[in-house]
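Have a look at input30.txt; it's compact mmCIF, C-alpha atoms and all ligand atoms:
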```txt
# COMPACT_ATOMS: atom_id res chain seq x y z
CA MET A 1134 21.15 -9.46 -11.26
CA LYS A 1135 21.17 -8.20 -7.68
CA LEU A 1136 17.79 -7.06 -6.45
CA LEU A 1137 18.97 -5.83 -3.05
CA GLU A 1138 22.53 -4.73 -2.32
CA ILE A 1139 23.61 -3.52 1.09
CA ALA A 1140 27.15 -2.35 1.78
CA GLY A 1141 28.75 -1.00 4.93
CA LEU A 1142 25.50 -0.31 6.74
CA GLU A 1143 25.89 1.51 10.08
CA THR A 1144 22.85 2.31 12.19
CA PHE A 1145 22.38 3.95 15.57
CA TYR A 1146 19.60 4.16 18.15
CA GLY A 1147 20.34 7.62 19.49
CA ALA A 1148 23.98 7.56 20.56
CA SER A 1149 24.12 3.77 20.69
CA GLN A 1150 25.49 2.07 17.58
CA ALA A 1151 23.67 -1.14 16.60
CA LEU A 1152 25.08 -1.85 13.12
CA PHE A 1153 28.81 -1.61 12.41
CA GLY A 1154 29.05 -2.66 8.77
CA VAL A 1155 26.38 -4.97 7.40
CA ASP A 1156 26.94 -6.30 3.88
CA LEU A 1157 24.20 -8.32 2.27
CA ASP A 1158 22.86 -9.12 -1.22
CA VAL A 1159 19.69 -10.72 -2.46
CA ALA A 1160 19.64 -11.77 -6.12
CA GLU A 1161 16.43 -11.94 -8.16
CA GLY A 1162 14.55 -15.07 -7.14
CA GLU A 1163 16.86 -15.84 -4.25
CA VAL A 1164 15.85 -16.75 -0.68
CA VAL A 1165 18.42 -15.35 1.75
CA ALA A 1166 18.40 -16.22 5.45
CA LEU A 1167 19.59 -13.41 7.71
CA MET A 1168 20.98 -15.10 10.82
CA GLY A 1169 22.68 -14.39 14.12
CA ARG A 1170 22.11 -14.73 17.84
CA ASN A 1171 19.69 -12.49 19.76
CA GLY A 1172 20.55 -8.82 19.59
CA MET A 1173 23.10 -9.15 16.75
CA GLY A 1174 21.24 -6.74 14.47
CA LYS A 1175 18.85 -8.67 12.26
CA THR A 1176 15.76 -6.57 12.95
CA THR A 1177 17.81 -3.38 12.86
CA THR A 1178 19.10 -4.36 9.41
CA ILE A 1179 15.53 -4.83 8.22
CA ARG A 1180 14.49 -1.50 9.78
CA SER A 1181 17.39 0.18 8.01
CA ILE A 1182 16.53 -1.34 4.62
CA LEU A 1183 13.11 0.29 4.94
CA ALA A 1184 14.52 3.47 6.54
CA MET A 1185 12.29 2.94 9.58
CA THR A 1186 15.54 3.43 11.49
CA PRO A 1187 17.63 5.12 8.80
CA ALA A 1188 21.27 4.11 8.42
CA ARG A 1189 23.92 6.74 9.16
CA ALA A 1190 26.44 5.23 6.79
CA GLY A 1191 26.46 2.72 3.98
CA LYS A 1192 24.40 2.09 0.89
CA VAL A 1193 21.18 0.23 0.20
CA ARG A 1194 20.27 -0.38 -3.44
CA LEU A 1195 17.07 -1.89 -4.74
CA GLY A 1196 17.26 -2.87 -8.40
CA GLY A 1197 20.40 -0.74 -8.69
CA ARG A 1198 18.76 2.37 -7.25
CA GLU A 1199 20.00 3.92 -4.02
CA ILE A 1200 17.18 3.99 -1.49
CA GLN A 1201 18.86 4.71 1.86
CA ALA A 1202 17.88 8.38 1.84
CA MET A 1203 14.24 7.76 0.89
CA ARG A 1204 11.22 7.73 3.18
CA PRO A 1205 9.82 4.37 4.32
CA HIS A 1206 6.54 4.61 2.38
CA ARG A 1207 8.44 5.43 -0.80
CA ILE A 1208 10.77 2.45 -0.32
CA ALA A 1209 7.77 0.21 0.26
CA ARG A 1210 6.21 1.48 -2.97
CA LEU A 1211 9.40 0.71 -4.87
CA GLY A 1212 8.73 -2.91 -4.08
CA ILE A 1213 9.57 -4.10 -0.58
CA GLY A 1214 6.87 -5.95 1.35
CA LEU A 1215 7.57 -6.38 5.06
CA VAL A 1216 6.05 -8.90 7.43
CA PRO A 1217 7.23 -7.31 10.67
CA GLU A 1218 7.95 -9.02 13.95
CA GLY A 1219 4.68 -9.05 15.86
CA ARG A 1220 2.38 -9.38 12.80
CA ARG A 1221 0.63 -6.03 12.75
CA CYS A 1222 -2.72 -5.89 10.98
CA PHE A 1223 -5.65 -3.47 11.33
CA PRO A 1224 -7.57 -5.07 14.24
CA ASN A 1225 -10.93 -3.51 13.44
CA LEU A 1226 -10.97 -4.24 9.73
CA THR A 1227 -12.09 -7.58 8.38
CA VAL A 1228 -9.65 -10.02 6.86
CA ALA A 1229 -10.70 -9.06 3.34
CA GLU A 1230 -10.52 -5.34 4.16
CA ASN A 1231 -7.01 -5.77 5.56
CA LEU A 1232 -5.93 -7.47 2.36
CA LEU A 1233 -7.61 -5.01 0.03
CA ALA A 1234 -6.15 -2.02 1.90
CA ALA A 1235 -2.69 -3.22 0.87
CA ALA A 1236 -3.52 -4.06 -2.75
CA ARG A 1237 -1.41 -3.03 -5.69
CA SER A 1238 -1.83 -4.57 -9.12
CA GLY A 1239 0.14 -7.66 -10.00
CA ARG A 1240 0.17 -11.40 -9.61
CA TRP A 1241 -1.24 -11.35 -6.06
CA ASN A 1242 -4.87 -10.33 -5.62
CA LEU A 1243 -7.59 -11.30 -3.15
CA ALA A 1244 -8.52 -14.48 -5.04
CA GLU A 1245 -4.90 -15.64 -5.22
CA ILE A 1246 -4.26 -14.92 -1.54
CA ASN A 1247 -7.40 -16.87 -0.66
CA ARG A 1248 -6.06 -19.76 -2.72
CA LEU A 1249 -2.73 -19.58 -0.89
CA PHE A 1250 -4.37 -19.30 2.57
CA PRO A 1251 -7.76 -21.09 2.56
CA ARG A 1252 -8.12 -20.25 6.28
CA LEU A 1253 -8.18 -16.56 5.40
CA GLU A 1254 -10.94 -17.10 2.89
CA GLU A 1255 -13.00 -18.94 5.52
CA ARG A 1256 -12.56 -15.94 7.82
CA ARG A 1257 -12.78 -13.19 5.24
CA ASP A 1258 -15.57 -11.28 7.04
CA GLN A 1259 -14.16 -11.63 10.56
CA MET A 1260 -12.40 -8.74 12.27
CA ALA A 1261 -8.65 -9.28 12.24
CA ARG A 1262 -8.53 -8.99 16.04
CA THR A 1263 -10.64 -12.14 16.37
CA LEU A 1264 -8.12 -14.29 14.48
CA SER A 1265 -5.72 -16.71 16.15
CA GLY A 1266 -2.03 -15.80 16.22
CA GLY A 1267 -1.30 -18.10 13.29
CA GLU A 1268 -4.14 -16.67 11.23
CA GLN A 1269 -2.96 -13.14 11.98
CA GLN A 1270 0.48 -14.14 10.75
CA MET A 1271 -1.04 -15.52 7.54
CA LEU A 1272 -2.91 -12.24 7.16
CA ALA A 1273 0.31 -10.28 7.66
CA ILE A 1274 1.99 -12.34 4.93
CA GLY A 1275 -1.07 -11.95 2.71
CA ARG A 1276 -0.99 -8.18 3.19
CA ALA A 1277 2.68 -7.99 2.25
CA LEU A 1278 2.05 -10.11 -0.86
CA MET A 1279 -0.94 -7.95 -1.88
CA THR A 1280 1.55 -5.12 -2.45
CA ASN A 1281 3.15 -7.36 -5.10
CA PRO A 1282 6.64 -6.72 -3.75
CA ARG A 1283 9.83 -7.37 -5.66
CA LEU A 1284 11.37 -8.34 -2.31
CA LEU A 1285 9.43 -9.93 0.53
CA ILE A 1286 10.99 -9.58 4.01
CA LEU A 1287 9.84 -11.93 6.77
CA ASP A 1288 10.99 -11.15 10.33
CA GLU A 1289 10.34 -14.13 12.63
CA ALA A 1290 7.18 -15.07 10.78
CA THR A 1291 6.79 -18.41 12.55
CA GLU A 1292 7.70 -17.30 16.06
CA GLY A 1293 5.42 -18.59 18.80
CA LEU A 1294 3.12 -20.51 16.46
CA ALA A 1295 1.86 -24.08 16.81
CA PRO A 1296 3.76 -26.67 14.72
CA VAL A 1297 0.87 -27.28 12.34
CA ILE A 1298 0.59 -23.55 11.57
CA ARG A 1299 4.37 -23.25 11.19
CA ASN A 1300 4.22 -26.04 8.63
CA ASP A 1301 1.53 -24.18 6.70
CA ILE A 1302 3.67 -21.05 6.66
CA TRP A 1303 6.79 -22.90 5.52
CA ALA A 1304 4.72 -24.56 2.79
CA VAL A 1305 3.66 -21.11 1.58
CA ILE A 1306 7.28 -19.93 1.64
CA ARG A 1307 8.21 -22.92 -0.54
CA VAL A 1308 5.43 -22.04 -2.99
CA LEU A 1309 6.68 -18.45 -3.17
CA LYS A 1310 10.27 -19.61 -3.66
CA ALA A 1311 9.22 -21.98 -6.45
CA GLU A 1312 7.55 -19.04 -8.16
CA GLY A 1313 10.75 -17.04 -8.05
CA GLN A 1314 9.78 -14.60 -5.30
CA SER A 1315 12.88 -12.92 -3.82
CA ILE A 1316 12.80 -13.28 -0.03
CA LEU A 1317 14.90 -12.09 2.90
CA ILE A 1318 13.99 -14.11 5.96
CA VAL A 1319 14.83 -14.13 9.66
CA ASP A 1320 13.80 -17.22 11.61
CA LYS A 1321 15.21 -18.91 14.68
CA THR A 1322 14.37 -22.51 13.74
CA LEU A 1323 17.37 -23.56 11.68
CA SER A 1324 15.96 -26.98 10.82
CA GLU A 1325 13.06 -25.27 9.07
CA LEU A 1326 14.95 -22.28 7.70
CA LEU A 1327 18.02 -23.91 6.14
CA PRO A 1328 16.18 -26.21 3.67
CA SER A 1329 14.30 -23.19 2.28
CA ALA A 1330 17.31 -20.87 1.96
CA ASP A 1331 19.58 -20.48 -1.06
CA ARG A 1332 22.12 -18.53 0.95
CA CYS A 1333 22.79 -17.50 4.53
CA VAL A 1334 24.23 -14.26 5.87
CA VAL A 1335 25.35 -14.27 9.51
CA LEU A 1336 25.57 -11.17 11.69
CA GLU A 1337 27.61 -10.84 14.84
CA LYS A 1338 27.61 -7.64 16.90
CA GLY A 1339 26.05 -5.67 14.10
CA ALA A 1340 28.37 -6.75 11.30
CA THR A 1341 28.35 -9.42 8.61
CA VAL A 1342 30.78 -12.15 9.65
CA TRP A 1343 29.91 -15.03 7.34
CA SER A 1344 27.91 -15.78 4.22
CA GLY A 1345 27.55 -18.90 2.16
CA ARG A 1346 25.23 -21.70 1.17
CA PRO A 1347 23.24 -23.55 3.86
CA GLY A 1348 25.28 -26.72 3.26
CA GLU A 1349 28.45 -24.79 4.07
CA LEU A 1350 27.14 -23.72 7.46
CA THR A 1351 28.79 -26.60 9.32
CA PRO A 1352 27.89 -27.61 12.88
CA SER A 1353 31.02 -25.87 14.13
CA LEU A 1354 30.10 -22.63 12.34
CA GLN A 1355 26.55 -22.93 13.68
CA ASP A 1356 27.94 -23.41 17.14
CA ARG A 1357 30.30 -20.47 16.78
CA TYR A 1358 27.83 -17.97 15.31
CA LEU A 1359 24.38 -19.21 16.31
CA GLY A 1360 24.81 -21.37 19.40
CA VAL A 1361 23.63 -20.19 22.77
N1 LIG B 1401 14.77 0.68 19.89
C1 LIG B 1401 16.02 0.43 20.29
N2 LIG B 1401 16.72 1.32 21.05
C2 LIG B 1401 17.99 1.08 21.44
N3 LIG B 1401 18.67 -0.03 21.12
C3 LIG B 1401 18.04 -0.95 20.38
C4 LIG B 1401 16.69 -0.78 19.93
N4 LIG B 1401 16.34 -1.87 19.21
C5 LIG B 1401 17.42 -2.69 19.22
N5 LIG B 1401 18.44 -2.14 19.91
C6 LIG B 1401 19.78 -2.73 20.13
O1 LIG B 1401 20.37 -2.93 18.86
C7 LIG B 1401 21.07 -4.18 18.82
C8 LIG B 1401 20.52 -5.04 17.69
O2 LIG B 1401 19.18 -5.43 17.98
P1 LIG B 1401 18.24 -6.16 16.94
O3 LIG B 1401 16.85 -6.14 17.48
O4 LIG B 1401 18.46 -5.61 15.59
O5 LIG B 1401 18.81 -7.63 16.99
P2 LIG B 1401 18.19 -8.97 16.43
O6 LIG B 1401 19.35 -9.71 15.83
O7 LIG B 1401 17.03 -8.71 15.57
O8 LIG B 1401 17.76 -9.70 17.76
P3 LIG B 1401 16.49 -10.62 18.12
O9 LIG B 1401 16.80 -11.95 17.53
O10 LIG B 1401 16.54 -10.63 19.61
O11 LIG B 1401 15.27 -9.97 17.55
C9 LIG B 1401 20.91 -4.78 20.20
O12 LIG B 1401 22.05 -4.46 20.95
C10 LIG B 1401 19.68 -4.09 20.75
O13 LIG B 1401 19.75 -4.01 22.16
```

Have the structure of the file written as structure tokens, please.
Amino acid sequence: MKLLEIAGLETFYGASQALFGVDLDVAEGEVVALMGRNGMGKTTTIRSILAMTPARAGKVRLGGREIQAMRPHRIARLGIGLVPEGRRCFPNLTVAENLLAAARSGRWNLAEINRLFPRLEERRDQMARTLSGGEQQMLAIGRALMTNPRLLILDEATEGLAPVIRNDIWAVIRVLKAEGQSILIVDKTLSELLPSADRCVVLEKGATVWSGRPGELTPSLQDRYLGV
């Protein structure tokens, strides 16, 4: 069953069109990599799924229900957890307060997040603004999971982080995948992204131009669609 279905998405920033027909599906339990060079529309697609920048044409369905005309907070409540680019948390709340502020009942609660991210438990009473970049990213992922989303969306979750922290984050993504969490993920490091993805969707100039399994994304396709 398809959890997320996007068809013919077109999105504008003012008069400037950014998306020209994005098609994308995420099945239950699937990890889908949303790919493409800089500026091809990955973040805009994510913003349109959540109606942060609403689409002007096309359909977005979550669990079969059309959501493109809904407000962002309502879409989030229907079960989409976003880890946005730039890892926004409440700087003047503690780690535990940040997590609890996002809580909705389900598999993920404070104890389970602490088990997933032992570093967050060690820092539970620290203000979020005092965390390192990597810890803030863990907190952002923890916050999204605390909403117990049907679909988790990660936009450049490992960007700018030290290798050891990136490894921790990829390990968590593998745990989530093994548990059947549906995930839509944008990440620039193909060597880390491809082994975790079930399927890839490639955007070029705001439109879907290729989709398939990671093993089908040959070096020549990578060069054509993702090379610099
Ligand atoms: N706030 C904005 N106002 C106007 N144009 C924008 C805005 N944000 C993005 N765009 C434009 O929309 C297009 C798609 O950008 P988007 O950020 O979605 O790409 P991306 O694939 O996520 O790129 P990156 O990998 O650099 O984050 C680009 O041409 C970009 O310049």

Legend entry - Near-ligand residues for ligand LIG 1401 (chain B), threshold 7 Å, all atoms listed in the file, as a PyMOL selection string: chain A and resi 1146+1149+1151+1169-1178+1339

Legend entry - Atom-to-atom span, CA of Arg1237 in chain A and CA of Asn1281 in chain A, Å: 6.3 Å

Inset, instruction - For CA of Leu1226 in chain A and CA of Ala1209 in chain A, determine how far apart the two atoms are, in Å to one decimal place. - result: 21.5 Å

Inset, instruction - Identify which of the residues A:Ala1229, A:Gln1314, A:Ala1235, A:Arg1240 lies closest to Glu1254 in chain A, counting all atoms listed in the file when measuring atom-to-atom distances. - result: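 For Glu1254 in chain A, the nearest of the candidates is A:Ala1229.
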
Could I get the residues of range 1142-1253 of chain A with an atom no further than 9 Å from an atom of range 1265-1268 of chain A, each paired with its nearest atom pair and that distance in Å to one decimal, using all atoms listed in the file, sorted by chain and residue number, as a Markdown table?
```
| residue | atom | partner | partner_atom | distance |
| --- | --- | --- | --- | --- |
| A:Arg1220 | CA | A:Gly1266 | CA | 8.5 |
| A:Arg1252 | CA | A:Glu1268 | CA | 7.3 |
| A:Leu1253 | CA | A:Glu1268 | CA | 7.1 |
```

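Of the listed residues (A:Asn1247, A:Gln1355, A:Gln1150, A:Thr1263), A:Asn1247 comes nearest to Leu1232 in chain A; the distances count only C-alpha atoms.
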
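For the choices A:Gly1162, A:Gly1239, A:Pro1352, A:Gly1219, the atom-to-atom distance to Leu1285 in chain A is smallest for A:Gly1162 when using all atoms listed in the file.
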
Legend entry - Of the listed residues A:Ser1329, A:Thr1280, A:Thr1341, A:Ser1324, that which approaches Ala1304 in chain A most closely, counting all atoms listed in the file: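 Distance minimum relative to Ala1304 in chain A lands on A:Ser1329.
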
Legend entry - Selected residue, from A:His1206, A:Lys1135, A:Arg1194, A:Arg1256, that lies nearest to Glu1163 in chain A when counting all atoms listed in the file: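 Distance minimum relative to Glu1163 in chain A lands on A:Lys1135.
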
Inset, instruction - Mind giving me the straight-line distance from CA of Lys1192 in chain A to CA of Gly1154 in chain A in Å, one decimal? - result: 10.3 Å

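Of the residues under consideration (A:Tyr1358, A:Glu1312, A:Phe1250, A:Gly1196), A:Tyr1358 shows the shortest atom-to-atom contact distance to Ala1340 in chain A when counting only C-alpha atoms.
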
Inset, instruction - Please provide the set of residues having any atom within 6 Å of Asp1156 in chain A, restricted to all atoms listed in the file, with same-chain residues fewer than 6 positions apart removed, written as a ChimeraX atom specification. - result: /A:1139-1141,1341

Might I get the box with edges along x, y and z of the file that holds all atoms of range 1336-1355 of chain A listed there, padded by 6 Å on every side, given as centre and edge lengths in Å to one decimal, as JSON?
```
{"center_x": 27.1, "center_y": -16.6, "center_z": 9.0, "size_x": 19.8, "size_y": 33.9, "size_z": 27.7}
```

Inset, instruction - Find the residues around Cys1333 in chain A up to 7 Å (all atoms listed in the file counted), leave out those fewer than 5 positions away in its own chain, and share them as an NGL selection string. - result: :A and (1165-1168 or 1344-1347)

Quick one: residues within 7 Å of Glu1161 in chain A, all atoms listed in the file, excluding same-chain residues fewer than 6 positions away - as a PDB file with C-alpha atoms, keeping the file's coordinate frame?
```pdb
ATOM      1  CA  MET A1134      21.150  -9.460 -11.260  1.00  0.00           C
ATOM      2  CA  LYS A1135      21.170  -8.200  -7.680  1.00  0.00           C
ATOM      3  CA  LEU A1136      17.790  -7.060  -6.450  1.00  0.00           C
ATOM      4  CA  SER A1315      12.880 -12.920  -3.820  1.00  0.00           C
TER       5      SER A1315
END
```

Inset, instruction - Tell me which protein, DNA and RNA residues are within 12 Å of Met1203 in chain A, counting all atoms listed in the file, leaving out same-chain ones fewer than 2 positions away, and put them as number ranges by chain. - result: A: 1181-1188, 1192-1195, 1198-1201, 1205-1211

Need the shell around Asn1231 in chain A: protein/DNA/RNA residues with any atom at most 8 Å away, counting all atoms listed in the file. Skip same-chain ones fewer than 3 positions apart. Format as a PDB file with C-alpha atoms, keeping the file's coordinate frame?
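See selection-v8.pdb below for the written result:
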```pdb
ATOM      1  CA  CYS A1222      -2.720  -5.890  10.980  1.00  0.00           C
ATOM      2  CA  PHE A1223      -5.650  -3.470  11.330  1.00  0.00           C
ATOM      3  CA  LEU A1226     -10.970  -4.240   9.730  1.00  0.00           C
ATOM      4  CA  THR A1227     -12.090  -7.580   8.380  1.00  0.00           C
ATOM      5  CA  VAL A1228      -9.650 -10.020   6.860  1.00  0.00           C
ATOM      6  CA  ALA A1234      -6.150  -2.020   1.900  1.00  0.00           C
ATOM      7  CA  ALA A1235      -2.690  -3.220   0.870  1.00  0.00           C
ATOM      8  CA  ALA A1261      -8.650  -9.280  12.240  1.00  0.00           C
ATOM      9  CA  LEU A1272      -2.910 -12.240   7.160  1.00  0.00           C
ATOM     10  CA  ARG A1276      -0.990  -8.180   3.190  1.00  0.00           C
TER      11      ARG A1276
END
```
